[in-house]
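Here's the structure, in structure tokens; my notes come after.
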Amino acid sequence: MTVRIDPDHTDARALFDTVDIRGKGVLEIGSGDGRFTWRYADRAGRVTAIEPVAKQAALAVERLPSRLRDRVELRNIALEDFASTSPSSAFDIVILSWSLC
Amino acid sequence: MVHALESIHRLLKPSGALIDIHPVAESSPLEIHQGGTIDQVGYLSVPQWCLDSRQADDALADVARRGLFTLERSSKFDALTYYDSAAEMASSVKESIDKFARDASAIEAVPQAQALAERAGQTLRAAGVGAELVIRERTHISRLKR
């Protein structure tokens, strides 16, 4: 049995139609198991993906494609904690992926 | 939510952009796809998710009113999730509800989702080989300039 979530990558296509991420520094908030991150990270300059739920963050670490290892930093941390230890004006783009809810 | 948006404002460069992706505050159609045809079975409705989506819209509107962000672009797309069986769908939806439930009222959506899955299962079996169960989630994506 398999669940296929958005196999046509309409989410990534919608993102590319909405913003030019080429070469940009991206912060993704609520990156879950990384499913969405892997779909766009090839185009970005550098991606920091944060996820507060430990189980989801661990899955992302396990599933991080080798081609993205130098480009994507995965962190198990909540936005509040991440923001309190990060410098201002650090990112070109912030993506709230299904996480503002 | 508003506090999170204020933190994001600080983390972004002055010319930076916030991209928000979240489901629209509506029920999601449940469909059976087979050989190019689509039949609608019903609607999956989880009140907490709809409420969360509305609150997300309100929070974005609030920070826009305060001048923290300016809405530059907004559109919608359908994110489709495919299931081989109704049992798989019921299990997956229950897992999501359990994961994101904030209180007991959210769990009340589980029996409704299971009843919908049961009905979908009958339709799926009648449709025969190659039929798939699909949840169509209408999703909102917007770009806000800092």
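A note on labels: chains of the structure tokens are A, B, ... as shown, every chain counts residues from 1, and ligands are counted from 1 in their shown order.
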
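Excluding His33 in chain B itself and any same-chain residue fewer than 5 positions from it, the protein and nucleic acid residues within 9 Å of it, counting only C-alpha atoms, are Ile38, Asp39, Gln40, Gly130, Ala131, Glu132, Leu133 and Val134 of chain B.
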
For those residues, write N, CA and C atoms to a file as a CSV table (one decimal), in the first residue's frame.
chain,number,residue,atom,x,y,z
B,38,ILE,N,-13.3,11.1,-13.6
B,38,ILE,CA,-13.3,11.5,-12.2
B,38,ILE,C,-14.7,11.5,-11.6
B,39,ASP,N,-15.0,10.7,-10.6
B,39,ASP,CA,-16.3,10.7,-9.9
B,39,ASP,C,-16.1,11.2,-8.5
B,40,GLN,N,-17.0,12.1,-8.1
B,40,GLN,CA,-16.9,12.6,-6.8
B,40,GLN,C,-17.7,11.7,-5.8
B,130,GLY,N,-7.6,-0.7,-11.2
B,130,GLY,CA,-7.0,0.6,-11.7
B,130,GLY,C,-7.6,1.8,-11.1
B,131,ALA,N,-8.7,1.7,-10.4
B,131,ALA,CA,-9.3,2.9,-9.8
B,131,ALA,C,-8.5,3.3,-8.5
B,132,GLU,N,-8.5,4.6,-8.4
B,132,GLU,CA,-7.7,5.2,-7.2
B,132,GLU,C,-8.6,6.2,-6.5
B,133,LEU,N,-8.4,6.2,-5.2
B,133,LEU,CA,-9.1,7.2,-4.4
B,133,LEU,C,-8.2,8.4,-4.2
B,134,VAL,N,-8.8,9.6,-4.4
B,134,VAL,CA,-8.0,10.8,-4.4
B,134,VAL,C,-8.7,11.9,-3.5

Can you list, as an mmCIF file with N, CA and C atoms, in the first residue's frame, every protein, DNA or RNA residue that comes within 12 Å of Glu26 in chain B when you count only C-alpha atoms, leaving out same-chain residues fewer than 6 positions away?
data_model
loop_
_atom_site.group_PDB
_atom_site.id
_atom_site.type_symbol
_atom_site.label_atom_id
_atom_site.label_comp_id
_atom_site.auth_asym_id
_atom_site.auth_seq_id
_atom_site.Cartn_x
_atom_site.Cartn_y
_atom_site.Cartn_z
ATOM 1 N N TYR B 43 -17.277 14.782 0.473
ATOM 2 C CA TYR B 43 -16.343 15.818 0.928
ATOM 3 C C TYR B 43 -15.768 15.450 2.294
ATOM 4 N N LEU B 44 -14.477 15.631 2.426
ATOM 5 C CA LEU B 44 -13.825 15.428 3.714
ATOM 6 C C LEU B 44 -13.770 16.782 4.415
ATOM 7 N N SER B 45 -14.363 16.817 5.593
ATOM 8 C CA SER B 45 -14.409 18.087 6.312
ATOM 9 C C SER B 45 -13.867 17.908 7.730
ATOM 10 N N VAL B 46 -12.800 18.608 8.022
ATOM 11 C CA VAL B 46 -12.250 18.589 9.377
ATOM 12 C C VAL B 46 -12.347 20.022 9.894
ATOM 13 N N PRO B 47 -13.342 20.288 10.769
ATOM 14 C CA PRO B 47 -13.600 21.674 11.189
ATOM 15 C C PRO B 47 -12.362 22.403 11.698
ATOM 16 N N GLN B 48 -11.509 21.699 12.461
ATOM 17 C CA GLN B 48 -10.325 22.402 13.003
ATOM 18 C C GLN B 48 -9.416 22.900 11.877
ATOM 19 N N TRP B 49 -9.277 22.079 10.828
ATOM 20 C CA TRP B 49 -8.398 22.493 9.733
ATOM 21 C C TRP B 49 -8.953 23.724 9.023
ATOM 22 N N CYS B 50 -10.291 23.737 8.857
ATOM 23 C CA CYS B 50 -10.918 24.891 8.201
ATOM 24 C C CYS B 50 -10.735 26.148 9.056
ATOM 25 N N LEU B 51 -10.898 25.977 10.362
ATOM 26 C CA LEU B 51 -10.731 27.102 11.284
ATOM 27 C C LEU B 51 -9.283 27.594 11.246
ATOM 28 N N ASP B 52 -8.333 26.651 11.266
ATOM 29 C CA ASP B 52 -6.915 27.007 11.212
ATOM 30 C C ASP B 52 -6.603 27.809 9.943
ATOM 31 N N SER B 53 -7.178 27.393 8.844
ATOM 32 C CA SER B 53 -6.927 28.086 7.575
ATOM 33 C C SER B 53 -7.468 29.507 7.611
ATOM 34 N N ARG B 54 -8.653 29.643 8.187
ATOM 35 C CA ARG B 54 -9.237 30.995 8.292
ATOM 36 C C ARG B 54 -8.378 31.877 9.196
ATOM 37 N N ARG B 136 -8.657 15.830 -3.011
ATOM 38 C CA ARG B 136 -8.232 17.051 -3.720
ATOM 39 C C ARG B 136 -8.225 18.201 -2.712
ATOM 40 N N GLU B 137 -7.038 18.672 -2.396
ATOM 41 C CA GLU B 137 -6.939 19.738 -1.392
ATOM 42 C C GLU B 137 -6.637 21.064 -2.087
ATOM 43 N N ARG B 138 -7.624 21.943 -2.076
ATOM 44 C CA ARG B 138 -7.447 23.269 -2.672
ATOM 45 C C ARG B 138 -6.475 24.056 -1.783
ATOM 46 N N THR B 139 -5.436 24.577 -2.396
ATOM 47 C CA THR B 139 -4.357 25.181 -1.612
ATOM 48 C C THR B 139 -4.057 26.594 -2.103
ATOM 49 N N HIS B 140 -3.781 27.442 -1.163
ATOM 50 C CA HIS B 140 -3.558 28.859 -1.435
ATOM 51 C C HIS B 140 -2.061 29.130 -1.315
#

Out of B:Arg143, B:Val2, B:Pro23, B:Asp57, which residue has the shortest atom-to-atom distance to Asp78 in chain B when counting only C-alpha atoms?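 Looking at the shortest contact to Asp78 in chain B, the residue is B:Pro23.
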
Could the residues of chain B within 8 Å of chain A, counting only C-alpha atoms, be given as an MDAnalysis selection string, please? chainID B and resid 1 4 7:8 10:23 49 52:53 55:56 73:74 77:85 88 141:143

Write out as a VMD selection string the residues lying within 10 Å of Ile21 in chain A, counting only C-alpha atoms and excluding same-chain residues fewer than 6 positions away. chain A and resid 15 40 to 46 92 to 93

Residues from last step as file, C-alpha atoms, as a tab-separated table (two decimals), in the first residue's frame:
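Generated output (selection-v1.tsv):
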chain	number	residue	atom	x	y	z
A	15	LEU	CA	6.17	27.81	-5.83
A	40	TYR	CA	12.58	22.85	-4.82
A	41	ALA	CA	15.99	22.82	-3.09
A	42	ASP	CA	17.94	22.06	-6.29
A	43	ARG	CA	17.07	25.55	-7.53
A	44	ALA	CA	17.85	27.44	-4.34
A	45	GLY	CA	21.27	28.67	-3.28
A	46	ARG	CA	21.02	27.43	0.28
A	92	ASP	CA	16.04	36.18	0.95
A	93	ILE	CA	12.94	33.99	1.12

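Minimum distance to Lys145 in chain B across B:Glu108, B:Glu118, B:Asp103, B:Glu72 (counting only C-alpha atoms) occurs at B:Glu72.
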
Polymer residues at most 6 Å from Asp33 in chain A, only C-alpha atoms, same-chain spacing of 5 or more positions, as an MDAnalysis selection string: chainID A and resid 56:57 59:60

Point-to-point distance from CA of Val93 in chain B to CA of Ser75 in chain B, Å rounded to tenths: 25.6 Å

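Minimum atom-to-atom distance to Ala87 in chain B, evaluated using only C-alpha atoms, belongs to B:Gly121 out of B:Pro111, B:Pro29, B:Gly35, B:Gly121.
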
If you run DSSP over the backbone, which residues in range 2-136 of chain B end up helix (DSSP H, G or I)? Put them as a ChimeraX atom specification. /B:2-11,47-65,86-100,104-107,109-127
